[in-house]
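Presented below is the structure to which this report refers.
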Amino acid sequence: DAKTTQPTSMDCAEGRAANLPCNHSTISGNEYVYWYRQIHSQGPQYIIHGLKNNETNEMASLIITEDRKSSTLILPHATLRDTAVYYCIVTPNFGNEKLTFGTGTRLTIIP
Amino acid sequence: GAVVSQHPSWVICKSGTSVKIECRSLDFQATTMFWYRQFPKQSLMLMATSNEGSKATYEQGVEKDKFLINHASLTLSTLTVTSAHPEDSSFYICSARVGTGLGSEQYFGPGTRLTVT
């Protein structure tokens, strides 16, 4: 699986958009970009995933650059409950592929 | 969305005893489930991949005779930590895959905190 690089930590003011970057310069053509988050002492929560087009759901938007070497997760109106560790993972998606978690970005929402 | 449950949510056991952790997919069938372990202030580490009706595939360095995995049905996988020792104390998390094709998603349980005394 391609390696990802994320900032160790970020702060964001409550009510503002939180933009979390991820670099995946060695991503291959069949690998998807997945985002999960983990709130303290809980299991990871699926947020969103995409291949090459931008994606949006009720939780977030995922912007993938045209060369697919980086992506940004956007939480449009951050709340205190969005404080968590956010993981960007790239993996092929042919069925039973495992997810390899890196160290992620610790996002803190500031009141 | 898909819901995965784990039982128990926390357990304390004495060194040398065995502990079983259950992982259930509540509203979908999961042919594949995964077991992870997370030590304090560290990321999740995959232990094994569990396929319904077949033997689990263990990651390098994970002892299959110590961490017994059974995936007897499409909604239940169990992890048994045998002869537990204090170093096995950790947060154990399972996940289940929804779908098998492109774009399928993986949903996680709430985790089980194991403390071995």
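Each chain in the structure tokens gets a letter, A, B and so on, in the order shown; residues start at 1 in every chain, and ligands are counted from 1 in the order they appear.
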
Write out as a Markdown table a residue-level contact list of segment 15-43 of chain B versus segment 62-78 of chain B with cut-off 10 Å: for each qualifying residue the closest pair of atoms and the distance in Å to one decimal, counting only C-alpha atoms, rows sorted by chain and residue number upward.
| residue | atom | partner | partner_atom | distance |
| --- | --- | --- | --- | --- |
| B:Ser18 | CA | B:Lys66 | CA | 9.4 |
| B:Val19 | CA | B:Phe67 | CA | 9.8 |
| B:Lys20 | CA | B:Thr78 | CA | 6.7 |
| B:Ile21 | CA | B:Thr78 | CA | 5.6 |
| B:Glu22 | CA | B:Thr78 | CA | 4.5 |
| B:Cys23 | CA | B:Ser77 | CA | 5.2 |
| B:Arg24 | CA | B:Leu76 | CA | 4.6 |
| B:Ser25 | CA | B:Thr75 | CA | 4.9 |
| B:Leu26 | CA | B:Thr75 | CA | 7.0 |
| B:Asp27 | CA | B:Thr75 | CA | 8.6 |
| B:Phe28 | CA | B:Thr75 | CA | 7.3 |
| B:Gln29 | CA | B:Leu74 | CA | 5.1 |
| B:Ala30 | CA | B:Leu74 | CA | 5.1 |
| B:Thr31 | CA | B:Leu74 | CA | 5.6 |
| B:Thr32 | CA | B:Leu74 | CA | 8.2 |
| B:Met33 | CA | B:Ser77 | CA | 7.1 |
| B:Phe34 | CA | B:Ser77 | CA | 8.9 |
| B:Trp35 | CA | B:Ile69 | CA | 8.8 |

Using all heavy atoms, can you write the selected residues to a file as a CSV table (one decimal), in the first residue's frame?
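Here's the written file part00.csv:
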chain,number,residue,atom,x,y,z
B,18,SER,N,-7.8,-17.1,30.0
B,18,SER,CA,-8.2,-16.8,28.6
B,18,SER,C,-9.4,-15.8,28.6
B,18,SER,O,-10.3,-15.9,29.4
B,18,SER,CB,-8.5,-18.0,27.8
B,18,SER,OG,-7.3,-18.8,27.7
B,19,VAL,N,-9.4,-15.0,27.6
B,19,VAL,CA,-10.5,-14.0,27.4
B,19,VAL,C,-11.0,-14.1,26.0
B,19,VAL,O,-10.3,-14.1,25.0
B,19,VAL,CB,-10.0,-12.6,27.7
B,19,VAL,CG1,-11.1,-11.6,27.4
B,19,VAL,CG2,-9.6,-12.5,29.1
B,20,LYS,N,-12.4,-14.1,25.8
B,20,LYS,CA,-13.0,-14.1,24.5
B,20,LYS,C,-13.7,-12.8,24.3
B,20,LYS,O,-14.4,-12.3,25.1
B,20,LYS,CB,-14.0,-15.3,24.4
B,20,LYS,CG,-14.7,-15.3,23.0
B,20,LYS,CD,-15.8,-16.4,23.0
B,20,LYS,CE,-15.2,-17.7,22.8
B,20,LYS,NZ,-16.2,-18.8,22.5
B,21,ILE,N,-13.4,-12.3,23.1
B,21,ILE,CA,-14.1,-11.0,22.7
B,21,ILE,C,-14.9,-11.3,21.4
B,21,ILE,O,-14.4,-11.9,20.5
B,21,ILE,CB,-13.0,-9.9,22.3
B,21,ILE,CG1,-12.1,-9.7,23.6
B,21,ILE,CG2,-13.7,-8.6,21.9
B,21,ILE,CD1,-10.9,-8.8,23.2
B,22,GLU,N,-16.1,-10.8,21.5
B,22,GLU,CA,-17.0,-11.0,20.3
B,22,GLU,C,-17.2,-9.8,19.5
B,22,GLU,O,-17.2,-8.7,20.0
B,22,GLU,CB,-18.4,-11.4,20.8
B,22,GLU,CG,-18.5,-12.8,21.5
B,22,GLU,CD,-19.9,-13.2,21.8
B,22,GLU,OE1,-20.8,-12.3,21.7
B,22,GLU,OE2,-20.1,-14.3,22.2
B,23,CYS,N,-17.3,-10.0,18.2
B,23,CYS,CA,-17.5,-8.9,17.2
B,23,CYS,C,-18.7,-9.3,16.4
B,23,CYS,O,-18.7,-10.3,15.7
B,23,CYS,CB,-16.3,-8.7,16.4
B,23,CYS,SG,-16.4,-7.5,15.1
B,24,ARG,N,-19.7,-8.4,16.3
B,24,ARG,CA,-20.9,-8.7,15.6
B,24,ARG,C,-21.2,-7.6,14.6
B,24,ARG,O,-21.2,-6.4,15.0
B,24,ARG,CB,-22.1,-8.9,16.5
B,24,ARG,CG,-22.0,-10.2,17.4
B,24,ARG,CD,-23.3,-10.3,18.2
B,24,ARG,NE,-23.1,-11.4,19.2
B,24,ARG,CZ,-23.4,-12.7,18.9
B,24,ARG,NH1,-23.9,-13.0,17.7
B,24,ARG,NH2,-23.3,-13.6,19.8
B,25,SER,N,-21.6,-8.0,13.4
B,25,SER,CA,-22.2,-7.0,12.5
B,25,SER,C,-23.7,-7.1,12.6
B,25,SER,O,-24.3,-8.2,12.5
B,25,SER,CB,-21.8,-7.3,11.0
B,25,SER,OG,-22.2,-8.7,10.7
B,26,LEU,N,-24.3,-6.0,13.0
B,26,LEU,CA,-25.7,-6.0,13.5
B,26,LEU,C,-26.7,-5.9,12.3
B,26,LEU,O,-27.8,-6.5,12.5
B,26,LEU,CB,-26.0,-4.9,14.5
B,26,LEU,CG,-25.2,-5.0,15.8
B,26,LEU,CD1,-25.6,-3.9,16.7
B,26,LEU,CD2,-25.3,-6.3,16.4
B,27,ASP,N,-26.4,-5.2,11.3
B,27,ASP,CA,-27.4,-5.0,10.3
B,27,ASP,C,-26.9,-5.3,8.9
B,27,ASP,O,-27.5,-4.9,7.9
B,27,ASP,CB,-27.9,-3.6,10.3
B,27,ASP,CG,-26.8,-2.6,10.3
B,27,ASP,OD1,-25.7,-3.0,10.3
B,27,ASP,OD2,-27.1,-1.3,10.4
B,28,PHE,N,-25.9,-6.1,8.8
B,28,PHE,CA,-25.4,-6.6,7.5
B,28,PHE,C,-24.6,-7.9,7.7
B,28,PHE,O,-24.2,-8.2,8.8
B,28,PHE,CB,-24.5,-5.5,6.9
B,28,PHE,CG,-23.2,-5.2,7.6
B,28,PHE,CD1,-22.0,-5.7,7.2
B,28,PHE,CD2,-23.2,-4.3,8.7
B,28,PHE,CE1,-20.8,-5.5,7.9
B,28,PHE,CE2,-22.1,-4.0,9.4
B,28,PHE,CZ,-20.9,-4.6,9.0
B,29,GLN,N,-24.3,-8.5,6.6
B,29,GLN,CA,-23.5,-9.7,6.7
B,29,GLN,C,-22.1,-9.4,6.3
B,29,GLN,O,-21.9,-8.7,5.3
B,29,GLN,CB,-24.1,-10.8,5.8
B,29,GLN,CG,-25.4,-11.3,6.3
B,29,GLN,CD,-26.0,-12.5,5.4
B,29,GLN,OE1,-25.7,-12.5,4.2
B,29,GLN,NE2,-26.7,-13.4,6.0
B,30,ALA,N,-21.1,-9.9,7.0
B,30,ALA,CA,-19.7,-9.6,6.7
B,30,ALA,C,-18.9,-10.9,6.5
B,30,ALA,O,-18.7,-11.7,7.4
B,30,ALA,CB,-19.1,-8.8,7.9
B,31,THR,N,-18.5,-11.0,5.2
B,31,THR,CA,-17.7,-12.2,4.9
B,31,THR,C,-16.3,-12.0,5.5
B,31,THR,O,-15.6,-13.0,5.7
B,31,THR,CB,-17.6,-12.5,3.4
B,31,THR,OG1,-17.2,-11.3,2.8
B,31,THR,CG2,-19.0,-12.9,2.9
B,32,THR,N,-15.9,-10.8,5.7
B,32,THR,CA,-14.5,-10.5,6.1
B,32,THR,C,-14.6,-9.6,7.3
B,32,THR,O,-15.3,-8.6,7.3
B,32,THR,CB,-13.7,-9.9,5.1
B,32,THR,OG1,-13.6,-10.8,4.0
B,32,THR,CG2,-12.2,-9.7,5.6
B,33,MET,N,-13.9,-10.0,8.4
B,33,MET,CA,-13.8,-9.1,9.6
B,33,MET,C,-12.3,-9.0,9.9
B,33,MET,O,-11.5,-9.9,9.5
B,33,MET,CB,-14.5,-9.7,10.8
B,33,MET,CG,-16.0,-9.6,10.6
B,33,MET,SD,-16.9,-10.2,12.1
B,33,MET,CE,-18.6,-9.8,11.7
B,34,PHE,N,-11.9,-7.9,10.5
B,34,PHE,CA,-10.5,-7.7,10.8
B,34,PHE,C,-10.4,-7.5,12.3
B,34,PHE,O,-11.3,-6.9,13.0
B,34,PHE,CB,-10.0,-6.4,10.1
B,34,PHE,CG,-10.1,-6.5,8.6
B,34,PHE,CD1,-11.3,-6.1,7.9
B,34,PHE,CD2,-9.1,-7.0,7.8
B,34,PHE,CE1,-11.4,-6.2,6.6
B,34,PHE,CE2,-9.2,-7.0,6.4
B,34,PHE,CZ,-10.3,-6.7,5.8
B,35,TRP,N,-9.3,-7.8,12.9
B,35,TRP,CA,-9.0,-7.6,14.3
B,35,TRP,C,-7.7,-6.7,14.4
B,35,TRP,O,-6.7,-7.0,13.8
B,35,TRP,CB,-8.8,-8.9,15.1
B,35,TRP,CG,-10.1,-9.6,15.3
B,35,TRP,CD1,-10.6,-10.6,14.5
B,35,TRP,CD2,-11.0,-9.4,16.4
B,35,TRP,NE1,-11.8,-11.0,15.1
B,35,TRP,CE2,-12.1,-10.3,16.2
B,35,TRP,CE3,-11.0,-8.5,17.4
B,35,TRP,CZ2,-13.2,-10.3,17.1
B,35,TRP,CZ3,-12.1,-8.5,18.3
B,35,TRP,CH2,-13.1,-9.4,18.1

Checklist entry - Which residues, written as JSON, numbers by chain, have at least one atom at most 10 Å from segment 20-31 of chain A, with only C-alpha atoms counted and residues fewer than 4 positions away on the same chain left out? => result {"A": [1, 2, 3, 4, 5, 6, 7, 9, 10, 35, 50, 51, 52, 62, 63, 64, 67, 68, 69, 70, 71, 72, 73, 74, 75, 86, 87, 88, 89, 90, 91, 92, 93, 94, 104, 105, 106, 107], "B": [102]}

Residues from the last selection, N, CA and C atoms, saved as an mmCIF file, in the first residue's frame:
data_model
loop_
_atom_site.group_PDB
_atom_site.id
_atom_site.type_symbol
_atom_site.label_atom_id
_atom_site.label_comp_id
_atom_site.auth_asym_id
_atom_site.auth_seq_id
_atom_site.Cartn_x
_atom_site.Cartn_y
_atom_site.Cartn_z
ATOM 1 N N ASP A 1 0.841 -1.197 0.000
ATOM 2 C CA ASP A 1 0.000 0.000 0.000
ATOM 3 C C ASP A 1 0.872 1.241 0.000
ATOM 4 N N ALA A 2 0.378 2.288 -0.658
ATOM 5 C CA ALA A 2 1.120 3.538 -0.703
ATOM 6 C C ALA A 2 1.194 4.161 0.690
ATOM 7 N N LYS A 3 2.321 4.855 0.957
ATOM 8 C CA LYS A 3 2.502 5.505 2.248
ATOM 9 C C LYS A 3 1.827 6.873 2.212
ATOM 10 N N THR A 4 1.312 7.284 3.345
ATOM 11 C CA THR A 4 0.695 8.612 3.451
ATOM 12 C C THR A 4 1.448 9.444 4.463
ATOM 13 N N THR A 5 1.429 10.759 4.257
ATOM 14 C CA THR A 5 2.045 11.696 5.187
ATOM 15 C C THR A 5 1.022 12.730 5.598
ATOM 16 N N GLN A 6 0.844 12.867 6.913
ATOM 17 C CA GLN A 6 -0.106 13.829 7.452
ATOM 18 C C GLN A 6 0.574 14.662 8.533
ATOM 19 N N PRO A 7 0.114 15.903 8.719
ATOM 20 C CA PRO A 7 0.658 16.677 9.836
ATOM 21 C C PRO A 7 0.289 15.992 11.147
ATOM 22 N N SER A 9 -0.429 17.335 14.078
ATOM 23 C CA SER A 9 -1.549 17.947 14.789
ATOM 24 C C SER A 9 -1.983 19.234 14.097
ATOM 25 N N MET A 10 -3.240 19.609 14.349
ATOM 26 C CA MET A 10 -3.804 20.841 13.818
ATOM 27 C C MET A 10 -4.849 21.347 14.790
ATOM 28 N N TRP A 35 -10.657 8.038 4.454
ATOM 29 C CA TRP A 35 -10.472 8.824 5.673
ATOM 30 C C TRP A 35 -11.318 8.222 6.785
ATOM 31 N N GLY A 50 -12.600 7.990 -1.775
ATOM 32 C CA GLY A 50 -12.706 8.344 -3.181
ATOM 33 C C GLY A 50 -11.554 7.771 -3.982
ATOM 34 N N LEU A 51 -11.721 7.782 -5.282
ATOM 35 C CA LEU A 51 -10.682 7.285 -6.171
ATOM 36 C C LEU A 51 -9.981 8.443 -6.884
ATOM 37 N N LYS A 52 -10.720 9.225 -7.641
ATOM 38 C CA LYS A 52 -10.098 10.379 -8.298
ATOM 39 C C LYS A 52 -11.013 11.600 -8.357
ATOM 40 N N LEU A 62 -14.176 15.427 0.274
ATOM 41 C CA LEU A 62 -12.833 14.938 -0.034
ATOM 42 C C LEU A 62 -12.417 15.511 -1.371
ATOM 43 N N ILE A 63 -11.324 16.264 -1.351
ATOM 44 C CA ILE A 63 -10.791 16.858 -2.563
ATOM 45 C C ILE A 63 -9.491 16.135 -2.915
ATOM 46 N N ILE A 64 -9.452 15.527 -4.083
ATOM 47 C CA ILE A 64 -8.269 14.801 -4.537
ATOM 48 C C ILE A 64 -7.666 15.570 -5.702
ATOM 49 N N ASP A 67 -3.469 14.904 -10.061
ATOM 50 C CA ASP A 67 -2.430 13.878 -10.178
ATOM 51 C C ASP A 67 -2.562 12.811 -9.092
ATOM 52 N N ARG A 68 -3.532 12.972 -8.193
ATOM 53 C CA ARG A 68 -3.855 12.045 -7.105
ATOM 54 C C ARG A 68 -2.738 11.891 -6.084
ATOM 55 N N LYS A 69 -1.791 12.777 -6.079
ATOM 56 C CA LYS A 69 -0.687 12.645 -5.144
ATOM 57 C C LYS A 69 -0.988 13.260 -3.781
ATOM 58 N N SER A 70 -2.070 13.959 -3.679
ATOM 59 C CA SER A 70 -2.456 14.495 -2.375
ATOM 60 C C SER A 70 -3.970 14.680 -2.325
ATOM 61 N N SER A 71 -4.467 14.825 -1.114
ATOM 62 C CA SER A 71 -5.900 15.041 -0.946
ATOM 63 C C SER A 71 -6.123 15.895 0.300
ATOM 64 N N THR A 72 -7.322 16.439 0.401
ATOM 65 C CA THR A 72 -7.697 17.244 1.557
ATOM 66 C C THR A 72 -9.082 16.824 2.019
ATOM 67 N N LEU A 73 -9.190 16.558 3.297
ATOM 68 C CA LEU A 73 -10.490 16.304 3.910
ATOM 69 C C LEU A 73 -10.997 17.617 4.470
ATOM 70 N N ILE A 74 -12.230 17.956 4.152
ATOM 71 C CA ILE A 74 -12.799 19.212 4.632
ATOM 72 C C ILE A 74 -14.018 18.927 5.504
ATOM 73 N N LEU A 75 -13.952 19.399 6.751
ATOM 74 C CA LEU A 75 -15.118 19.400 7.625
ATOM 75 C C LEU A 75 -15.669 20.818 7.569
ATOM 76 N N TYR A 86 -7.433 11.948 12.919
ATOM 77 C CA TYR A 86 -7.927 11.680 11.573
ATOM 78 C C TYR A 86 -6.871 10.918 10.787
ATOM 79 N N TYR A 87 -7.288 9.804 10.201
ATOM 80 C CA TYR A 87 -6.367 8.944 9.470
ATOM 81 C C TYR A 87 -6.694 8.976 7.975
ATOM 82 N N CYS A 88 -5.667 9.196 7.180
ATOM 83 C CA CYS A 88 -5.761 9.112 5.724
ATOM 84 C C CYS A 88 -5.094 7.804 5.312
ATOM 85 N N ILE A 89 -5.795 6.979 4.574
ATOM 86 C CA ILE A 89 -5.281 5.657 4.210
ATOM 87 C C ILE A 89 -5.509 5.443 2.728
ATOM 88 N N VAL A 90 -4.509 4.917 2.042
ATOM 89 C CA VAL A 90 -4.705 4.543 0.642
ATOM 90 C C VAL A 90 -4.565 3.042 0.538
ATOM 91 N N THR A 91 -5.448 2.430 -0.204
ATOM 92 C CA THR A 91 -5.431 0.986 -0.324
ATOM 93 C C THR A 91 -6.157 0.560 -1.580
ATOM 94 N N PRO A 92 -5.731 -0.530 -2.189
ATOM 95 C CA PRO A 92 -6.522 -1.078 -3.281
ATOM 96 C C PRO A 92 -7.853 -1.554 -2.742
ATOM 97 N N ASN A 93 -8.839 -1.652 -3.541
ATOM 98 C CA ASN A 93 -10.159 -1.998 -3.022
ATOM 99 C C ASN A 93 -10.802 -3.081 -3.867
ATOM 100 N N PHE A 94 -10.178 -4.237 -3.872
ATOM 101 C CA PHE A 94 -10.718 -5.322 -4.654
ATOM 102 C C PHE A 94 -11.494 -6.331 -3.835
ATOM 103 N N GLY A 104 -1.668 9.494 11.741
ATOM 104 C CA GLY A 104 -2.798 10.395 11.646
ATOM 105 C C GLY A 104 -2.516 11.822 12.080
ATOM 106 N N THR A 105 -3.543 12.649 11.989
ATOM 107 C CA THR A 105 -3.497 14.047 12.435
ATOM 108 C C THR A 105 -4.423 14.219 13.621
ATOM 109 N N ARG A 106 -3.876 14.728 14.704
ATOM 110 C CA ARG A 106 -4.720 15.025 15.868
ATOM 111 C C ARG A 106 -5.322 16.410 15.682
ATOM 112 N N LEU A 107 -6.620 16.450 15.403
ATOM 113 C CA LEU A 107 -7.338 17.714 15.190
ATOM 114 C C LEU A 107 -8.009 18.132 16.487
ATOM 115 N N LEU B 102 -15.462 -3.068 -5.629
ATOM 116 C CA LEU B 102 -14.796 -1.783 -5.599
ATOM 117 C C LEU B 102 -15.606 -0.786 -4.786
#

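Take atom CA of Tyr36 of chain A and atom CA of Thr65 of chain A: the distance between them is 19.1 Å.
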
Next on the checklist: Using only C-alpha atoms, I'd like every residue of chain B that has an atom within 12 Å of chain A; please write them out as a PyMOL selection string.
Outcome noted: chain B and resi 1-6+9-10+30-52+57-59+90-113

Checklist entry - Among chain A, which ones does DSSP place in strand (DSSP E), written as a VMD selection string? => result chain A and resid 9 to 13 18 to 23 31 to 38 45 to 50 55 to 56 61 to 64 70 to 75 84 to 92 105 to 110

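Taking atom CA of Ser83 of chain B as the reference point, atom CA of Ala56 of chain B is found at 19.5 Å.
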
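Residue nearest Asn53 of chain A within the list A:His40, A:Glu66, A:Cys12, A:Ala17: A:Glu66 [criterion: smallest interatomic distance, only C-alpha atoms].
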
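One distance worth recording is that between atom CA of His85 of chain B and atom CA of Pro8 of chain B, which is 18.3 Å.
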